[in-house]
Amino acid sequence: MEIRDVDFRGAALKKSQRPREWLPHVAVAGRSNVGKSSLLNWLFGRSLARVAKAPGKTRTLNFYLVNGAYYLVDLPGYGYAKVAKKLQAEWGRELERYISDEERLAGVVTLMDIRHGPTGLDLDLQGLLDEAGLERVVVLTKADKVGRGQRVRMQNEIQHRLGLESRPMAISVRTGEGRRELVRQIDELVSQWCHRQLGD
Ligand code: GDP
């Protein structure tokens with residue numbers, strides 16, 4: 001369903017600060033600078049998520065209610081080099097906690113820059129998702145920055161490295177490519193979660 005209506009419903013660090021309604025969450029994760037804020041604003045059709053934030057600020061989980069039906073959750077970007085190790089560890093723990101204990105989490109959209117592929121931290125996140133048995137959609141960002149040949153090569157390489165069933169999708173907020181497919185995949189995660197709830 002097209003994203004018609006988006007409402008920022010707050011930021012959380014602790015579990016008790018997360019929204020209370022029993023609605024599915026689809027989280028969006030990636031390392032700093034991968035294009036996460038740009039992607040969220042592009043999906044929302046307006047600037048709600050900040051682009052290129054000042055580094056080193058406290059990072060929270062940000063909750064956006066979409067069409068009154070599900071939450072898109074902006075997870076803290078990881079791996080910003082200039083941030084102290086201690087803070088990085090703290091975010092890592094929050095991220096890990098959310099991924100492993102949030103029953104409303106329907107799946108995670110994981111972002112990787114199409115030019116670089118998965119880094120060590122990206123692979124750590126994939127490992128966490130595997131452990132938690134979570135659905136994922138792997139999205140390669142900034143597709144406009146590479147030519148056709150490199151794009152297909154990266155898609156194949158990342159599919160192989162992450163053991164995905166199909167090639168990861170490529171998107172570009174510059175050209176608009178991939179938006180409809182991404183919205184479709186998010187809808188799919190939401191409807192699978194709803195079906196599981198009915199089955200319980
Ligand atoms: P975040 O740290 O993951 O939230 O990344 P941002 O959304 O702040 O984006 C980081 C940089 O990448 C910014 O300069 C964006 O303009 C740029 N960027 C994001 N998406 C795209 C894209 O699809 N194409 C191109 N060429 N640049 C992008």
# chains A, B, ... in the order shown; residues from 1 in each chain; ligands from 1

$ residues_near_ligand --ligand "ligand 1" --cutoff "6 Å" --atoms "only C-alpha atoms and all ligand atoms" --output "PDB file with all heavy atoms, in the first residue's frame"
ATOM      1  N   SER A  32      26.362   4.201   9.543  1.00  0.00           N
ATOM      2  CA  SER A  32      26.252   5.639   9.322  1.00  0.00           C
ATOM      3  C   SER A  32      26.674   5.978   7.899  1.00  0.00           C
ATOM      4  O   SER A  32      27.630   5.400   7.381  1.00  0.00           O
ATOM      5  CB  SER A  32      27.177   6.391  10.274  1.00  0.00           C
ATOM      6  OG  SER A  32      26.803   6.123  11.585  1.00  0.00           O
ATOM      7  N   ASN A  33      25.945   6.890   7.296  1.00  0.00           N
ATOM      8  CA  ASN A  33      26.264   7.392   5.957  1.00  0.00           C
ATOM      9  C   ASN A  33      25.835   6.464   4.814  1.00  0.00           C
ATOM     10  O   ASN A  33      26.125   6.738   3.657  1.00  0.00           O
ATOM     11  CB  ASN A  33      27.770   7.692   5.852  1.00  0.00           C
ATOM     12  CG  ASN A  33      28.014   8.861   4.943  1.00  0.00           C
ATOM     13  OD1 ASN A  33      27.225   9.818   4.957  1.00  0.00           O
ATOM     14  ND2 ASN A  33      29.043   8.786   4.135  1.00  0.00           N
ATOM     15  N   VAL A  34      25.145   5.388   5.156  1.00  0.00           N
ATOM     16  CA  VAL A  34      24.715   4.455   4.097  1.00  0.00           C
ATOM     17  C   VAL A  34      23.565   5.051   3.274  1.00  0.00           C
ATOM     18  O   VAL A  34      23.273   4.591   2.160  1.00  0.00           O
ATOM     19  CB  VAL A  34      24.316   3.088   4.717  1.00  0.00           C
ATOM     20  CG1 VAL A  34      22.981   3.147   5.440  1.00  0.00           C
ATOM     21  CG2 VAL A  34      24.304   1.988   3.673  1.00  0.00           C
ATOM     22  N   GLY A  35      22.895   6.084   3.848  1.00  0.00           N
ATOM     23  CA  GLY A  35      21.764   6.696   3.137  1.00  0.00           C
ATOM     24  C   GLY A  35      20.433   6.389   3.799  1.00  0.00           C
ATOM     25  O   GLY A  35      19.380   6.472   3.161  1.00  0.00           O
ATOM     26  N   LYS A  36      20.470   6.066   5.091  1.00  0.00           N
ATOM     27  CA  LYS A  36      19.242   5.648   5.796  1.00  0.00           C
ATOM     28  C   LYS A  36      18.245   6.797   5.940  1.00  0.00           C
ATOM     29  O   LYS A  36      17.063   6.617   5.647  1.00  0.00           O
ATOM     30  CB  LYS A  36      19.613   5.063   7.168  1.00  0.00           C
ATOM     31  CG  LYS A  36      18.423   4.529   7.954  1.00  0.00           C
ATOM     32  CD  LYS A  36      18.849   3.547   9.026  1.00  0.00           C
ATOM     33  CE  LYS A  36      19.832   4.120  10.011  1.00  0.00           C
ATOM     34  NZ  LYS A  36      19.276   5.178  10.881  1.00  0.00           N
ATOM     35  N   SER A  37      18.705   7.966   6.387  1.00  0.00           N
ATOM     36  CA  SER A  37      17.776   9.094   6.542  1.00  0.00           C
ATOM     37  C   SER A  37      17.197   9.495   5.195  1.00  0.00           C
ATOM     38  O   SER A  37      15.999   9.780   5.081  1.00  0.00           O
ATOM     39  CB  SER A  37      18.483  10.308   7.138  1.00  0.00           C
ATOM     40  OG  SER A  37      19.182   9.952   8.282  1.00  0.00           O
ATOM     41  N   SER A  38      18.048   9.502   4.175  1.00  0.00           N
ATOM     42  CA  SER A  38      17.570   9.868   2.829  1.00  0.00           C
ATOM     43  C   SER A  38      16.501   8.885   2.382  1.00  0.00           C
ATOM     44  O   SER A  38      15.471   9.279   1.819  1.00  0.00           O
ATOM     45  CB  SER A  38      18.719   9.833   1.819  1.00  0.00           C
ATOM     46  OG  SER A  38      19.763  10.668   2.236  1.00  0.00           O
ATOM     47  N   VAL A  51      18.896  14.241   7.647  1.00  0.00           N
ATOM     48  CA  VAL A  51      19.971  13.778   6.768  1.00  0.00           C
ATOM     49  C   VAL A  51      21.286  14.338   7.296  1.00  0.00           C
ATOM     50  O   VAL A  51      21.363  15.501   7.678  1.00  0.00           O
ATOM     51  CB  VAL A  51      19.725  14.237   5.314  1.00  0.00           C
ATOM     52  CG1 VAL A  51      20.890  13.834   4.413  1.00  0.00           C
ATOM     53  CG2 VAL A  51      18.430  13.638   4.791  1.00  0.00           C
ATOM     54  N   ALA A  52      22.297  13.485   7.283  1.00  0.00           N
ATOM     55  CA  ALA A  52      23.641  13.880   7.714  1.00  0.00           C
ATOM     56  C   ALA A  52      23.649  14.632   9.048  1.00  0.00           C
ATOM     57  O   ALA A  52      24.006  15.796   9.139  1.00  0.00           O
ATOM     58  CB  ALA A  52      24.321  14.707   6.622  1.00  0.00           C
ATOM     59  N   THR A 141      22.013   0.597  -1.421  1.00  0.00           N
ATOM     60  CA  THR A 141      21.699   2.023  -1.613  1.00  0.00           C
ATOM     61  C   THR A 141      22.639   2.678  -2.642  1.00  0.00           C
ATOM     62  O   THR A 141      23.691   2.119  -2.978  1.00  0.00           O
ATOM     63  CB  THR A 141      21.837   2.790  -0.278  1.00  0.00           C
ATOM     64  OG1 THR A 141      23.187   2.687   0.171  1.00  0.00           O
ATOM     65  CG2 THR A 141      20.886   2.247   0.782  1.00  0.00           C
ATOM     66  N   LYS A 142      22.236   3.854  -3.104  1.00  0.00           N
ATOM     67  CA  LYS A 142      23.045   4.714  -3.991  1.00  0.00           C
ATOM     68  C   LYS A 142      23.355   4.039  -5.322  1.00  0.00           C
ATOM     69  O   LYS A 142      24.469   4.158  -5.853  1.00  0.00           O
ATOM     70  CB  LYS A 142      24.327   5.176  -3.281  1.00  0.00           C
ATOM     71  CG  LYS A 142      24.067   5.755  -1.881  1.00  0.00           C
ATOM     72  CD  LYS A 142      25.295   6.355  -1.252  1.00  0.00           C
ATOM     73  CE  LYS A 142      25.046   6.691   0.227  1.00  0.00           C
ATOM     74  NZ  LYS A 142      26.187   7.322   0.880  1.00  0.00           N
ATOM     75  N   ASP A 144      22.620   4.759  -8.176  1.00  0.00           N
ATOM     76  CA  ASP A 144      22.997   5.678  -9.268  1.00  0.00           C
ATOM     77  C   ASP A 144      24.505   5.901  -9.347  1.00  0.00           C
ATOM     78  O   ASP A 144      25.014   6.427 -10.333  1.00  0.00           O
ATOM     79  CB  ASP A 144      22.281   7.030  -9.071  1.00  0.00           C
ATOM     80  CG  ASP A 144      22.595   7.653  -7.720  1.00  0.00           C
ATOM     81  OD1 ASP A 144      22.037   7.199  -6.697  1.00  0.00           O
ATOM     82  OD2 ASP A 144      23.424   8.568  -7.671  1.00  0.00           O
ATOM     83  N   LYS A 145      25.224   5.481  -8.294  1.00  0.00           N
ATOM     84  CA  LYS A 145      26.671   5.740  -8.262  1.00  0.00           C
ATOM     85  C   LYS A 145      27.498   4.689  -8.996  1.00  0.00           C
ATOM     86  O   LYS A 145      28.705   4.847  -9.110  1.00  0.00           O
ATOM     87  CB  LYS A 145      27.160   5.826  -6.816  1.00  0.00           C
ATOM     88  CG  LYS A 145      26.591   7.021  -6.072  1.00  0.00           C
ATOM     89  CD  LYS A 145      27.628   7.628  -5.179  1.00  0.00           C
ATOM     90  CE  LYS A 145      27.054   8.798  -4.413  1.00  0.00           C
ATOM     91  NZ  LYS A 145      28.071   9.775  -4.078  1.00  0.00           N
ATOM     92  N   SER A 172      17.798   3.906  -5.494  1.00  0.00           N
ATOM     93  CA  SER A 172      18.453   5.217  -5.529  1.00  0.00           C
ATOM     94  C   SER A 172      17.430   6.292  -5.226  1.00  0.00           C
ATOM     95  O   SER A 172      16.394   6.372  -5.894  1.00  0.00           O
ATOM     96  CB  SER A 172      19.053   5.469  -6.918  1.00  0.00           C
ATOM     97  OG  SER A 172      19.369   6.847  -7.051  1.00  0.00           O
ATOM     98  N   VAL A 173      17.710   7.086  -4.231  1.00  0.00           N
ATOM     99  CA  VAL A 173      16.792   8.189  -3.941  1.00  0.00           C
ATOM    100  C   VAL A 173      16.964   9.289  -4.991  1.00  0.00           C
ATOM    101  O   VAL A 173      16.096  10.138  -5.150  1.00  0.00           O
ATOM    102  CB  VAL A 173      16.961   8.775  -2.519  1.00  0.00           C
ATOM    103  CG1 VAL A 173      16.868   7.684  -1.468  1.00  0.00           C
ATOM    104  CG2 VAL A 173      18.262   9.532  -2.367  1.00  0.00           C
ATOM    105  N   ARG A 174      18.085   9.265  -5.694  1.00  0.00           N
ATOM    106  CA  ARG A 174      18.316  10.265  -6.748  1.00  0.00           C
ATOM    107  C   ARG A 174      17.434  10.007  -7.960  1.00  0.00           C
ATOM    108  O   ARG A 174      16.845  10.928  -8.507  1.00  0.00           O
ATOM    109  CB  ARG A 174      19.787  10.259  -7.196  1.00  0.00           C
ATOM    110  CG  ARG A 174      20.747  10.772  -6.183  1.00  0.00           C
ATOM    111  CD  ARG A 174      20.787  12.320  -6.170  1.00  0.00           C
ATOM    112  NE  ARG A 174      21.133  12.809  -4.842  1.00  0.00           N
ATOM    113  CZ  ARG A 174      22.365  12.924  -4.388  1.00  0.00           C
ATOM    114  NH1 ARG A 174      23.374  12.608  -5.154  1.00  0.00           N
ATOM    115  NH2 ARG A 174      22.591  13.368  -3.167  1.00  0.00           N
TER     116      ARG A 174
END

$ residues_around --residues "segment 155-165 of chain A" --least-positions-apart "4" --cutoff "10 Å" --atoms "only C-alpha atoms" --output "MDAnalysis selection string"
chainID A and resid 112 114 117:118 123 126:127 136:140 150:151 169:170

$ select_by_dssp --residues "segment 66-130 of chain A" --states "helix (DSSP H, G or I)" --output "ChimeraX atom specification"
/A:85-101,120-130

$ atom_distance --atom1 "atom CA of Leu40 of chain A" --atom2 "atom CA of Arg93 of chain A"
23.3 Å

$ residues_around --residues "Arg20 of chain A" --least-positions-apart "4" --cutoff "12 Å" --atoms "only C-alpha atoms" --output "short mmCIF file (atom, residue, chain, number, x, y, z; two decimals) with all heavy atoms, in the first residue's frame"
data_model
loop_
_atom_site.label_atom_id
_atom_site.label_comp_id
_atom_site.auth_asym_id
_atom_site.auth_seq_id
_atom_site.Cartn_x
_atom_site.Cartn_y
_atom_site.Cartn_z
N ARG A 9 6.22 9.25 16.12
CA ARG A 9 5.61 8.92 17.41
C ARG A 9 6.62 8.82 18.55
O ARG A 9 6.34 8.22 19.57
CB ARG A 9 4.85 7.59 17.30
CG ARG A 9 3.57 7.69 16.52
CD ARG A 9 2.63 8.67 17.19
NE ARG A 9 1.37 8.76 16.47
CZ ARG A 9 0.27 8.06 16.78
NH1 ARG A 9 0.29 7.22 17.78
NH2 ARG A 9 -0.82 8.21 16.07
N GLY A 10 7.80 9.38 18.32
CA GLY A 10 8.73 9.46 19.44
C GLY A 10 9.99 8.63 19.27
O GLY A 10 10.10 7.79 18.38
N ALA A 12 13.08 6.38 21.35
CA ALA A 12 13.23 5.55 22.54
C ALA A 12 14.65 5.04 22.67
O ALA A 12 15.31 4.76 21.68
CB ALA A 12 12.26 4.38 22.47
N LYS A 15 13.25 0.12 26.60
CA LYS A 15 12.09 -0.65 26.17
C LYS A 15 10.78 0.04 26.58
O LYS A 15 9.81 0.08 25.82
CB LYS A 15 12.17 -2.04 26.78
CG LYS A 15 11.17 -3.00 26.19
CD LYS A 15 11.37 -4.41 26.69
CE LYS A 15 10.37 -5.33 26.01
NZ LYS A 15 10.48 -6.71 26.45
N SER A 16 10.79 0.61 27.79
CA SER A 16 9.57 1.22 28.32
C SER A 16 9.14 2.45 27.52
O SER A 16 8.02 2.91 27.64
CB SER A 16 9.79 1.62 29.78
OG SER A 16 10.85 2.55 29.84
N PRO A 24 2.69 -4.08 14.16
CA PRO A 24 4.01 -4.57 13.73
C PRO A 24 5.02 -3.45 13.51
O PRO A 24 4.66 -2.33 13.14
CB PRO A 24 3.71 -5.29 12.42
CG PRO A 24 2.39 -4.79 11.97
CD PRO A 24 1.64 -4.36 13.18
N HIS A 25 6.28 -3.80 13.74
CA HIS A 25 7.40 -2.89 13.47
C HIS A 25 8.19 -3.43 12.28
O HIS A 25 8.44 -4.63 12.21
CB HIS A 25 8.38 -2.85 14.64
CG HIS A 25 7.83 -2.32 15.92
ND1 HIS A 25 8.62 -2.14 17.04
CD2 HIS A 25 6.59 -1.92 16.27
CE1 HIS A 25 7.87 -1.65 18.03
NE2 HIS A 25 6.64 -1.51 17.60
N PHE A 63 10.48 6.16 16.04
CA PHE A 63 9.29 5.43 15.62
C PHE A 63 8.38 6.28 14.74
O PHE A 63 7.94 7.34 15.16
CB PHE A 63 8.51 4.95 16.85
CG PHE A 63 9.24 3.88 17.61
CD1 PHE A 63 10.18 4.19 18.57
CD2 PHE A 63 9.01 2.54 17.32
CE1 PHE A 63 10.87 3.20 19.25
CE2 PHE A 63 9.69 1.54 17.99
CZ PHE A 63 10.62 1.87 18.96
N LEU A 65 4.81 6.07 12.68
CA LEU A 65 3.59 5.30 12.40
C LEU A 65 3.17 5.56 10.96
O LEU A 65 3.00 6.70 10.54
CB LEU A 65 2.49 5.74 13.37
CG LEU A 65 1.16 5.00 13.24
CD1 LEU A 65 1.31 3.50 13.53
CD2 LEU A 65 0.11 5.61 14.20
N TYR A 71 4.67 0.41 12.31
CA TYR A 71 5.74 1.35 12.60
C TYR A 71 6.96 1.08 11.73
O TYR A 71 7.38 -0.07 11.61
CB TYR A 71 6.19 1.23 14.06
CG TYR A 71 5.27 1.94 15.01
CD1 TYR A 71 4.27 1.26 15.68
CD2 TYR A 71 5.39 3.31 15.21
CE1 TYR A 71 3.40 1.91 16.54
CE2 TYR A 71 4.53 3.98 16.07
CZ TYR A 71 3.54 3.28 16.72
OH TYR A 71 2.70 3.94 17.56
N GLU A 102 11.94 -7.71 20.89
CA GLU A 102 10.73 -7.02 20.45
C GLU A 102 9.83 -7.98 19.64
O GLU A 102 10.12 -8.29 18.49
CB GLU A 102 11.10 -5.79 19.61
CG GLU A 102 9.91 -5.00 19.11
CD GLU A 102 8.90 -4.67 20.20
OE1 GLU A 102 9.19 -3.81 21.01
OE2 GLU A 102 7.81 -5.29 20.23
N GLU A 103 8.74 -8.38 20.26
CA GLU A 103 7.86 -9.37 19.61
C GLU A 103 7.08 -8.79 18.44
O GLU A 103 6.54 -9.52 17.62
CB GLU A 103 6.86 -9.92 20.63
CG GLU A 103 7.51 -10.78 21.69
CD GLU A 103 6.50 -11.18 22.74
OE1 GLU A 103 5.48 -11.75 22.37
OE2 GLU A 103 6.75 -10.87 23.93
N ARG A 104 6.98 -7.46 18.40
CA ARG A 104 6.26 -6.85 17.29
C ARG A 104 7.13 -6.65 16.06
O ARG A 104 6.67 -6.15 15.04
CB ARG A 104 5.69 -5.50 17.75
CG ARG A 104 4.61 -5.63 18.80
CD ARG A 104 4.32 -4.31 19.46
NE ARG A 104 5.46 -3.87 20.28
CZ ARG A 104 5.46 -2.78 21.05
NH1 ARG A 104 4.39 -2.02 21.10
NH2 ARG A 104 6.53 -2.46 21.75
#

$ select_by_dssp --residues "chain A" --states "strand (DSSP E or B)" --output "PyMOL selection string"
chain A and resi 6-12+25-29+31+61-66+70-74+78+105-113+136-141+169-170

$ residues_around --residues "Val183 of chain A" --least-positions-apart "5" --cutoff "12 Å" --atoms "only C-alpha atoms" --output "list in words"
Met1, Glu2, Ile3, Arg4, Val26, Leu39, Leu40, Trp42, Leu43, Phe44, Val66, Leu72, Val109, Val137, Val139, Met169, Ile171, Glu177, Gly178, Glu188, Leu189 and Val190 of chain A

$ write_last_selection --atoms "N, CA, C and O atoms" --output "compact mmCIF listing (two decimals), in the first residue's frame"
# COMPACT_ATOMS: atom_id res chain seq x y z
N MET A 1 0.83 -1.19 0.00
CA MET A 1 0.00 0.00 0.00
C MET A 1 0.88 1.26 0.00
O MET A 1 1.88 1.29 0.70
N GLU A 2 0.54 2.20 -0.81
CA GLU A 2 1.32 3.44 -0.85
C GLU A 2 1.39 4.07 0.56
O GLU A 2 0.42 3.98 1.32
N ILE A 3 2.51 4.67 0.88
CA ILE A 3 2.64 5.32 2.18
C ILE A 3 1.94 6.69 2.09
O ILE A 3 2.39 7.58 1.39
N ARG A 4 0.79 6.78 2.74
CA ARG A 4 -0.02 8.00 2.63
C ARG A 4 0.21 8.92 3.80
O ARG A 4 0.22 10.13 3.69
N VAL A 26 8.61 -2.55 11.40
CA VAL A 26 9.62 -2.90 10.41
C VAL A 26 10.78 -1.94 10.65
O VAL A 26 10.61 -0.72 10.57
N LEU A 39 16.72 7.61 2.64
CA LEU A 39 15.76 6.58 2.24
C LEU A 39 14.44 6.75 2.98
O LEU A 39 13.36 6.67 2.37
N LEU A 40 14.51 7.04 4.27
CA LEU A 40 13.26 7.20 5.04
C LEU A 40 12.48 8.42 4.53
O LEU A 40 11.28 8.33 4.30
N TRP A 42 12.56 9.72 1.66
CA TRP A 42 12.12 9.36 0.30
C TRP A 42 10.87 8.49 0.38
O TRP A 42 9.90 8.70 -0.36
N LEU A 43 10.87 7.55 1.32
CA LEU A 43 9.68 6.71 1.50
C LEU A 43 8.51 7.54 2.02
O LEU A 43 7.38 7.38 1.58
N PHE A 44 8.82 8.44 2.96
CA PHE A 44 7.76 9.24 3.59
C PHE A 44 7.24 10.33 2.66
O PHE A 44 6.14 10.85 2.87
N VAL A 66 3.04 4.47 10.18
CA VAL A 66 2.74 4.58 8.76
C VAL A 66 1.31 4.10 8.50
O VAL A 66 0.95 2.97 8.88
N LEU A 72 7.49 2.13 11.11
CA LEU A 72 8.83 2.02 10.55
C LEU A 72 9.75 2.54 11.64
O LEU A 72 9.52 3.62 12.19
N VAL A 109 14.81 -4.12 7.43
CA VAL A 109 15.38 -3.70 6.15
C VAL A 109 16.83 -3.33 6.44
O VAL A 109 17.08 -2.42 7.24
N VAL A 137 15.05 -7.77 4.55
CA VAL A 137 15.10 -7.32 3.16
C VAL A 137 16.43 -6.59 3.02
O VAL A 137 16.68 -5.63 3.74
N VAL A 139 18.85 -4.23 1.09
CA VAL A 139 18.71 -3.16 0.10
C VAL A 139 20.08 -2.52 -0.14
O VAL A 139 20.77 -2.16 0.80
N MET A 169 17.86 -6.10 -3.60
CA MET A 169 17.38 -5.04 -4.49
C MET A 169 18.28 -3.80 -4.42
O MET A 169 18.94 -3.57 -3.41
N ILE A 171 18.46 0.41 -4.87
CA ILE A 171 17.62 1.60 -4.89
C ILE A 171 18.48 2.87 -5.06
O ILE A 171 19.67 2.86 -4.80
N GLU A 177 14.55 4.97 -8.35
CA GLU A 177 14.50 3.53 -8.63
C GLU A 177 14.29 2.69 -7.37
O GLU A 177 14.93 2.93 -6.34
N GLY A 178 13.40 1.72 -7.44
CA GLY A 178 13.27 0.72 -6.37
C GLY A 178 12.24 1.05 -5.31
O GLY A 178 11.98 0.23 -4.42
N GLU A 188 4.78 -6.82 2.63
CA GLU A 188 4.85 -8.27 2.74
C GLU A 188 5.28 -8.68 4.16
O GLU A 188 4.68 -9.58 4.76
N LEU A 189 6.28 -8.00 4.72
CA LEU A 189 6.71 -8.30 6.09
C LEU A 189 5.57 -8.06 7.07
O LEU A 189 5.31 -8.87 7.96
N VAL A 190 4.86 -6.94 6.87
CA VAL A 190 3.76 -6.59 7.76
C VAL A 190 2.66 -7.64 7.66
O VAL A 190 2.15 -8.13 8.68

$ atom_distance --atom1 "atom CA of Gly199 of chain A" --atom2 "atom CA of Arg18 of chain A"
24.9 Å

$ residues_around --residues "Arg59 of chain A" --least-positions-apart "4" --cutoff "9 Å" --atoms "only C-alpha atoms" --output "ChimeraX atom specification"
/A:13,75-77,91

$ write_last_selection --atoms "N, CA and C atoms" --output "CSV table (one decimal), in the first residue's frame"
chain,number,residue,atom,x,y,z
A,13,LEU,N,15.1,5.0,23.9
A,13,LEU,CA,16.3,4.2,24.2
A,13,LEU,C,16.0,3.0,24.9
A,75,LEU,N,16.6,2.6,13.2
A,75,LEU,CA,17.5,2.2,14.2
A,75,LEU,C,18.8,3.0,14.1
A,76,PRO,N,19.5,3.2,15.3
A,76,PRO,CA,20.7,4.0,15.3
A,76,PRO,C,21.7,3.5,14.3
A,77,GLY,N,22.3,4.4,13.5
A,77,GLY,CA,23.3,4.0,12.5
A,77,GLY,C,24.5,3.6,13.3
A,91,TRP,N,25.2,1.6,22.0
A,91,TRP,CA,24.2,1.5,20.9
A,91,TRP,C,24.0,0.0,20.4

$ residues_around --residues "Glu96 of chain A" --least-positions-apart "4" --cutoff "9 Å" --atoms "only C-alpha atoms" --output "PyMOL selection string"
chain A and resi 91-92+100-101+125+128

$ write_last_selection --atoms "all heavy atoms" --output "mmCIF file, in the first residue's frame"
data_model
loop_
_atom_site.group_PDB
_atom_site.id
_atom_site.type_symbol
_atom_site.label_atom_id
_atom_site.label_comp_id
_atom_site.auth_asym_id
_atom_site.auth_seq_id
_atom_site.Cartn_x
_atom_site.Cartn_y
_atom_site.Cartn_z
ATOM 1 N N TRP A 91 25.196 1.574 21.951
ATOM 2 C CA TRP A 91 24.205 1.475 20.878
ATOM 3 C C TRP A 91 24.046 0.039 20.446
ATOM 4 O O TRP A 91 22.956 -0.435 20.198
ATOM 5 C CB TRP A 91 24.647 2.258 19.647
ATOM 6 C CG TRP A 91 24.714 3.720 19.850
ATOM 7 C CD1 TRP A 91 24.054 4.443 20.803
ATOM 8 C CD2 TRP A 91 25.478 4.634 19.099
ATOM 9 N NE1 TRP A 91 24.372 5.756 20.664
ATOM 10 C CE2 TRP A 91 25.245 5.909 19.624
ATOM 11 C CE3 TRP A 91 26.335 4.504 18.014
ATOM 12 C CZ2 TRP A 91 25.832 7.041 19.112
ATOM 13 C CZ3 TRP A 91 26.919 5.632 17.497
ATOM 14 C CH2 TRP A 91 26.678 6.890 18.041
ATOM 15 N N GLY A 92 25.214 -0.644 20.367
ATOM 16 C CA GLY A 92 25.183 -2.038 19.943
ATOM 17 C C GLY A 92 24.291 -2.854 20.866
ATOM 18 O O GLY A 92 23.485 -3.661 20.408
ATOM 19 N N SER A 100 16.377 -8.704 19.687
ATOM 20 C CA SER A 100 16.099 -10.008 20.285
ATOM 21 C C SER A 100 14.838 -10.029 21.153
ATOM 22 O O SER A 100 14.252 -11.088 21.331
ATOM 23 C CB SER A 100 17.310 -10.502 21.075
ATOM 24 O OG SER A 100 17.629 -9.546 22.046
ATOM 25 N N ASP A 101 14.375 -8.856 21.657
ATOM 26 C CA ASP A 101 13.239 -8.947 22.591
ATOM 27 C C ASP A 101 11.931 -8.331 22.077
ATOM 28 O O ASP A 101 10.922 -8.384 22.755
ATOM 29 C CB ASP A 101 13.602 -8.370 23.969
ATOM 30 C CG ASP A 101 13.531 -6.835 24.017
ATOM 31 O OD1 ASP A 101 13.181 -6.211 23.000
ATOM 32 O OD2 ASP A 101 13.830 -6.280 25.078
ATOM 33 N N LEU A 125 25.449 -7.679 12.150
ATOM 34 C CA LEU A 125 24.002 -7.465 12.208
ATOM 35 C C LEU A 125 23.267 -8.642 11.551
ATOM 36 O O LEU A 125 22.283 -9.144 12.095
ATOM 37 C CB LEU A 125 23.618 -6.152 11.506
ATOM 38 C CG LEU A 125 22.126 -5.891 11.396
ATOM 39 C CD1 LEU A 125 21.492 -5.699 12.777
ATOM 40 C CD2 LEU A 125 21.833 -4.671 10.525
ATOM 41 N N LEU A 128 23.104 -11.406 13.940
ATOM 42 C CA LEU A 128 22.087 -11.171 14.980
ATOM 43 C C LEU A 128 20.690 -11.515 14.461
ATOM 44 O O LEU A 128 19.875 -12.111 15.165
ATOM 45 C CB LEU A 128 22.062 -9.681 15.356
ATOM 46 C CG LEU A 128 22.978 -9.182 16.436
ATOM 47 C CD1 LEU A 128 22.780 -7.673 16.615
ATOM 48 C CD2 LEU A 128 22.658 -9.891 17.740
#

$ closest_residue --among "A:Ala143, A:Leu95, A:Val73, A:Ile186" --to "Asp124 of chain A" --atoms "only C-alpha atoms"
A:Leu95

$ closest_residue --among "A:Ala27, A:Leu121, A:Tyr78, A:Tyr64" --to "Glu135 of chain A" --atoms "only C-alpha atoms"
A:Ala27

$ decode --residues "segment 35-52 of chain A" --atoms "C-alpha atoms" --output "PDB file, in the first residue's frame"
ATOM      1  CA  GLY A  35      21.764   6.696   3.137  1.00  0.00           C
ATOM      2  CA  LYS A  36      19.242   5.648   5.796  1.00  0.00           C
ATOM      3  CA  SER A  37      17.776   9.094   6.542  1.00  0.00           C
ATOM      4  CA  SER A  38      17.570   9.868   2.829  1.00  0.00           C
ATOM      5  CA  LEU A  39      15.762   6.585   2.237  1.00  0.00           C
ATOM      6  CA  LEU A  40      13.264   7.202   5.042  1.00  0.00           C
ATOM      7  CA  ASN A  41      12.483  10.724   3.838  1.00  0.00           C
ATOM      8  CA  TRP A  42      12.118   9.365   0.302  1.00  0.00           C
ATOM      9  CA  LEU A  43       9.678   6.709   1.497  1.00  0.00           C
ATOM     10  CA  PHE A  44       7.760   9.238   3.587  1.00  0.00           C
ATOM     11  CA  GLY A  45       7.638  11.798   0.784  1.00  0.00           C
ATOM     12  CA  ARG A  46       8.872  14.507   3.135  1.00  0.00           C
ATOM     13  CA  SER A  47      11.767  15.329   5.426  1.00  0.00           C
ATOM     14  CA  LEU A  48      11.080  13.768   8.773  1.00  0.00           C
ATOM     15  CA  ALA A  49      14.324  11.889   9.322  1.00  0.00           C
ATOM     16  CA  ARG A  50      17.386  14.086   9.519  1.00  0.00           C
ATOM     17  CA  VAL A  51      19.971  13.778   6.768  1.00  0.00           C
ATOM     18  CA  ALA A  52      23.641  13.880   7.714  1.00  0.00           C
TER      19      ALA A  52
END
